[in-house]
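Taking it in order: structure first as structure tokens, then the write-up.
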Amino acid sequence: MAKGSLQELYIDELRDLYNAETQLTKALPKMAKNASNAELRQAFEEHLRQTSEHVSRLEQIFDMLEEKAAGKKCLGMEGLVKEGAETMQEDYDDLVMDSAIIGAAQRVEHYEIAAYGTAKEFARLLGEDEQVSLLEQTLEEEKQTDERLTQLAEEINSEAQEAGEGREEEGEKGEGKRRAKTSSRRAA
Ligand SMILES: [Fe+2]
Ligand SMILES: [Fe+2]
């Protein structure tokens, strides 16, 4: 039989989020480990602690609804986590890697922001005020994390760019030397 109520959709969305958050409790430590910038690493460690809190807020909501939390796989988050893992396999220099990891992490945060916004609105329509406030707390933390990552990206991206330019200059100098060698050989 087709699912006919918003309540059922709400529970499906919550199960999807629960699975997404659980996936993140495994993915965030890997991001922290691969980050070179100390502040970025701290940001991931801090968000890992928040993420465990997000899982337990969802568990509280399932308790209130007398529903089980398990039963859905969040394919969207699975894809984002896989992309992040693929990025971390790339042979980027440390600074460029940090920029790449921030890009992957912000995709995750935006996904969560969209999902919590949807779930919160369903909870509001269903008159589940306590659940609205739990979802709101998590939504705020996702937004703050996204903003923190934007701030860190401003600093880290420009460092990565400067380092890259430095290497290009060195590369040019190296080429200059090679050219000089060739011409001196030719002169000899
Ligand atoms: Fe979260
Ligand atoms: Fe998050």
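Labels for the structure tokens follow display order: chains A, B, ..., residues from 1 in each chain, ligands from 1.
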
Using only C-alpha atoms and all ligand atoms, find each residue with an atom at most 8 Å away from ligand 2 and format the answer as a short mmCIF file (atom, residue, chain, number, x, y, z; two decimals) with all heavy atoms, in the first residue's frame.
```cif
data_model
loop_
_atom_site.label_atom_id
_atom_site.label_comp_id
_atom_site.auth_asym_id
_atom_site.auth_seq_id
_atom_site.Cartn_x
_atom_site.Cartn_y
_atom_site.Cartn_z
N GLU A 21 24.09 10.51 9.48
CA GLU A 21 24.91 10.93 10.62
C GLU A 21 25.82 9.79 11.08
O GLU A 21 26.96 10.01 11.46
CB GLU A 21 24.02 11.38 11.79
CG GLU A 21 23.20 12.64 11.52
CD GLU A 21 24.02 13.93 11.61
OE1 GLU A 21 25.27 13.89 11.53
OE2 GLU A 21 23.38 14.99 11.76
N LEU A 24 28.72 9.56 8.99
CA LEU A 24 29.67 10.65 9.24
C LEU A 24 30.54 10.41 10.47
O LEU A 24 31.67 10.88 10.52
CB LEU A 24 28.91 11.97 9.40
CG LEU A 24 28.44 12.55 8.08
CD1 LEU A 24 27.59 13.78 8.32
CD2 LEU A 24 29.64 12.91 7.20
N HIS A 47 33.46 18.86 15.25
CA HIS A 47 32.21 18.50 14.57
C HIS A 47 31.88 17.01 14.73
O HIS A 47 30.71 16.62 14.70
CB HIS A 47 32.23 18.90 13.10
CG HIS A 47 30.86 18.92 12.49
ND1 HIS A 47 29.80 19.61 13.06
CD2 HIS A 47 30.33 18.30 11.41
CE1 HIS A 47 28.70 19.42 12.35
NE2 HIS A 47 28.99 18.62 11.35
N GLN A 50 29.99 16.92 17.86
CA GLN A 50 28.62 17.39 17.60
C GLN A 50 27.82 16.32 16.87
O GLN A 50 26.63 16.14 17.13
CB GLN A 50 28.66 18.67 16.76
CG GLN A 50 29.17 19.88 17.52
CD GLN A 50 29.24 21.12 16.65
OE1 GLN A 50 29.43 21.03 15.43
NE2 GLN A 50 29.13 22.29 17.26
N THR A 51 28.47 15.63 15.95
CA THR A 51 27.78 14.62 15.15
C THR A 51 27.25 13.48 16.03
O THR A 51 26.14 12.99 15.82
CB THR A 51 28.70 14.11 14.02
OG1 THR A 51 29.01 15.23 13.17
CG2 THR A 51 28.04 13.03 13.16
N VAL A 108 29.04 18.01 2.34
CA VAL A 108 28.35 17.23 3.37
C VAL A 108 27.47 18.14 4.22
O VAL A 108 26.30 17.84 4.47
CB VAL A 108 29.37 16.48 4.26
CG1 VAL A 108 28.71 15.93 5.52
CG2 VAL A 108 30.06 15.37 3.47
N GLU A 109 28.02 19.27 4.67
CA GLU A 109 27.25 20.16 5.54
C GLU A 109 26.02 20.70 4.81
O GLU A 109 24.93 20.78 5.38
CB GLU A 109 28.11 21.32 6.07
CG GLU A 109 29.20 20.88 7.03
CD GLU A 109 28.73 19.88 8.07
OE1 GLU A 109 27.69 20.11 8.71
OE2 GLU A 109 29.40 18.85 8.25
N GLU A 112 23.35 18.12 4.75
CA GLU A 112 22.69 18.01 6.06
C GLU A 112 21.77 19.20 6.32
O GLU A 112 20.67 19.03 6.86
CB GLU A 112 23.74 17.94 7.18
CG GLU A 112 24.51 16.65 7.22
CD GLU A 112 25.41 16.61 8.44
OE1 GLU A 112 26.40 17.37 8.45
OE2 GLU A 112 25.13 15.86 9.37
N ILE A 113 22.23 20.40 5.95
CA ILE A 113 21.41 21.60 6.15
C ILE A 113 20.08 21.45 5.40
O ILE A 113 19.01 21.73 5.95
CB ILE A 113 22.18 22.87 5.73
CG1 ILE A 113 23.32 23.16 6.71
CG2 ILE A 113 21.24 24.08 5.61
CD1 ILE A 113 24.35 24.18 6.24
N GLU A 141 23.98 23.91 14.35
CA GLU A 141 25.38 23.43 14.42
C GLU A 141 25.93 23.11 13.03
O GLU A 141 27.11 23.32 12.77
CB GLU A 141 25.48 22.21 15.35
CG GLU A 141 25.33 22.61 16.80
CD GLU A 141 25.25 21.44 17.76
OE1 GLU A 141 25.34 20.27 17.33
OE2 GLU A 141 25.09 21.70 18.96
N GLU A 142 25.06 22.60 12.16
CA GLU A 142 25.52 22.32 10.78
C GLU A 142 25.85 23.65 10.09
O GLU A 142 26.86 23.75 9.38
CB GLU A 142 24.44 21.59 9.97
CG GLU A 142 23.83 20.35 10.60
CD GLU A 142 24.76 19.18 10.79
OE1 GLU A 142 25.99 19.35 10.69
OE2 GLU A 142 24.25 18.08 11.07
N THR A 145 29.08 25.08 11.44
CA THR A 145 30.23 24.32 10.91
C THR A 145 30.53 24.75 9.48
O THR A 145 31.69 24.95 9.12
CB THR A 145 29.92 22.80 10.95
OG1 THR A 145 29.67 22.44 12.30
CG2 THR A 145 31.08 21.97 10.41
#
```

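Nearest to ligand 1 of all the residues A:His110, A:Lys33, A:Lys68, A:Arg167 is A:His110, based on only C-alpha atoms and all ligand atoms.
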
Filtered DSSP result for stretch 30-102 of chain A, state helix (DSSP H, G or I), as an MDAnalysis selection string: chainID A and resid 30:34 38:65 75:89 94:102

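Of the listed residues A:Asn37, A:Thr87, A:Thr138, A:Gln23, the one whose atoms come nearest to ligand 1 is A:Thr138, with distances taken using only C-alpha atoms and all ligand atoms.
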
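Nearest residue to A:Ala114, choosing from A:Glu59, A:Asp94, A:Glu67, A:Glu140 and counting only C-alpha atoms: A:Glu140.
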
Selection: 9 Å around A:Leu80, only C-alpha atoms, excl. self and same-chain fewer than 4 positions, as a VMD selection string: chain A and resid 75 to 76 84 to 85 104 to 105 107 to 108 111

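Distances here use only C-alpha atoms and all ligand atoms; by that measure, the residue among A:Glu162, A:Glu66, A:Glu78, A:Asp146 closest to ligand 1 is A:Asp146.
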
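We find atom CA of A:Glu8 and atom CA of A:Glu53 to be spaced 24.1 Å apart.
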
Counting only C-alpha atoms and all ligand atoms, the residue of A:Leu28, A:Ala35, A:Glu154, A:Ser99 that sits nearest ligand 1: A:Leu28

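In this structure, atom CA of A:Glu147 sits 11.3 Å away from atom CA of A:Ile102.
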
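Residue nearest ligand 1 within the list A:Gln42, A:Gln151, A:Gln106, A:Ser36: A:Gln106 [criterion: smallest interatomic distance, only C-alpha atoms and all ligand atoms].
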
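One distance worth recording is that between atom CA of A:Glu130 and atom CA of A:Arg57, which is 10.8 Å.
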
Surrounding residues of A:Ser56 excluding itself and chain neighbours under 5 positions, 12 Å, only C-alpha atoms, as a PyMOL selection string: chain A and resi 17-18+21-22+25+49-51+61-63+69+134-135+138

12 Å contact set for A:Gly164, only C-alpha atoms, chain neighbours under 3 positions out, as a list in words: Tyr92, Asp93, Asp94, Leu95, Val96, Asn157, Ser158, Glu159, Ala160, Gln161, Arg167, Glu168, Glu169, Glu170 and Gly171 of chain A

Any chance you could export the current selection's N, CA and C atoms as a PDB file, in the first residue's frame?
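part-v8.pdb, freshly written:
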```
ATOM      1  N   TYR A  92      47.696  15.305  -3.840  1.00  0.00           N
ATOM      2  CA  TYR A  92      47.817  16.751  -3.689  1.00  0.00           C
ATOM      3  C   TYR A  92      48.861  17.078  -2.624  1.00  0.00           C
ATOM      4  N   ASP A  93      49.490  18.253  -2.768  1.00  0.00           N
ATOM      5  CA  ASP A  93      50.349  18.767  -1.692  1.00  0.00           C
ATOM      6  C   ASP A  93      49.463  19.049  -0.491  1.00  0.00           C
ATOM      7  N   ASP A  94      50.081  19.093   0.707  1.00  0.00           N
ATOM      8  CA  ASP A  94      49.311  19.247   1.954  1.00  0.00           C
ATOM      9  C   ASP A  94      48.305  20.398   1.922  1.00  0.00           C
ATOM     10  N   LEU A  95      48.775  21.571   1.504  1.00  0.00           N
ATOM     11  CA  LEU A  95      47.892  22.743   1.533  1.00  0.00           C
ATOM     12  C   LEU A  95      46.738  22.600   0.548  1.00  0.00           C
ATOM     13  N   VAL A  96      47.047  22.068  -0.618  1.00  0.00           N
ATOM     14  CA  VAL A  96      46.007  21.872  -1.637  1.00  0.00           C
ATOM     15  C   VAL A  96      45.034  20.791  -1.142  1.00  0.00           C
ATOM     16  N   ASN A 157      42.899  28.366   1.381  1.00  0.00           N
ATOM     17  CA  ASN A 157      42.958  28.429  -0.087  1.00  0.00           C
ATOM     18  C   ASN A 157      44.011  29.424  -0.559  1.00  0.00           C
ATOM     19  N   SER A 158      44.117  30.578   0.147  1.00  0.00           N
ATOM     20  CA  SER A 158      45.103  31.536  -0.349  1.00  0.00           C
ATOM     21  C   SER A 158      46.520  31.070  -0.035  1.00  0.00           C
ATOM     22  N   GLU A 159      46.683  30.369   1.094  1.00  0.00           N
ATOM     23  CA  GLU A 159      48.008  29.776   1.366  1.00  0.00           C
ATOM     24  C   GLU A 159      48.361  28.758   0.285  1.00  0.00           C
ATOM     25  N   ALA A 160      47.372  27.956  -0.096  1.00  0.00           N
ATOM     26  CA  ALA A 160      47.615  26.935  -1.139  1.00  0.00           C
ATOM     27  C   ALA A 160      47.977  27.610  -2.450  1.00  0.00           C
ATOM     28  N   GLN A 161      47.303  28.718  -2.728  1.00  0.00           N
ATOM     29  CA  GLN A 161      47.575  29.425  -3.981  1.00  0.00           C
ATOM     30  C   GLN A 161      48.985  30.021  -3.974  1.00  0.00           C
ATOM     31  N   ARG A 167      56.025  27.589  -6.146  1.00  0.00           N
ATOM     32  CA  ARG A 167      56.590  26.433  -6.853  1.00  0.00           C
ATOM     33  C   ARG A 167      56.722  26.705  -8.344  1.00  0.00           C
ATOM     34  N   GLU A 168      55.730  27.428  -8.892  1.00  0.00           N
ATOM     35  CA  GLU A 168      55.803  27.752 -10.323  1.00  0.00           C
ATOM     36  C   GLU A 168      57.033  28.586 -10.622  1.00  0.00           C
ATOM     37  N   GLU A 169      57.274  29.595  -9.713  1.00  0.00           N
ATOM     38  CA  GLU A 169      58.446  30.452  -9.907  1.00  0.00           C
ATOM     39  C   GLU A 169      59.717  29.624  -9.871  1.00  0.00           C
ATOM     40  N   GLU A 170      59.790  28.753  -8.876  1.00  0.00           N
ATOM     41  CA  GLU A 170      60.960  27.879  -8.775  1.00  0.00           C
ATOM     42  C   GLU A 170      61.126  27.052 -10.033  1.00  0.00           C
ATOM     43  N   GLY A 171      59.993  26.555 -10.525  1.00  0.00           N
ATOM     44  CA  GLY A 171      60.005  25.765 -11.754  1.00  0.00           C
ATOM     45  C   GLY A 171      60.565  26.582 -12.910  1.00  0.00           C
TER      46      GLY A 171
END
```
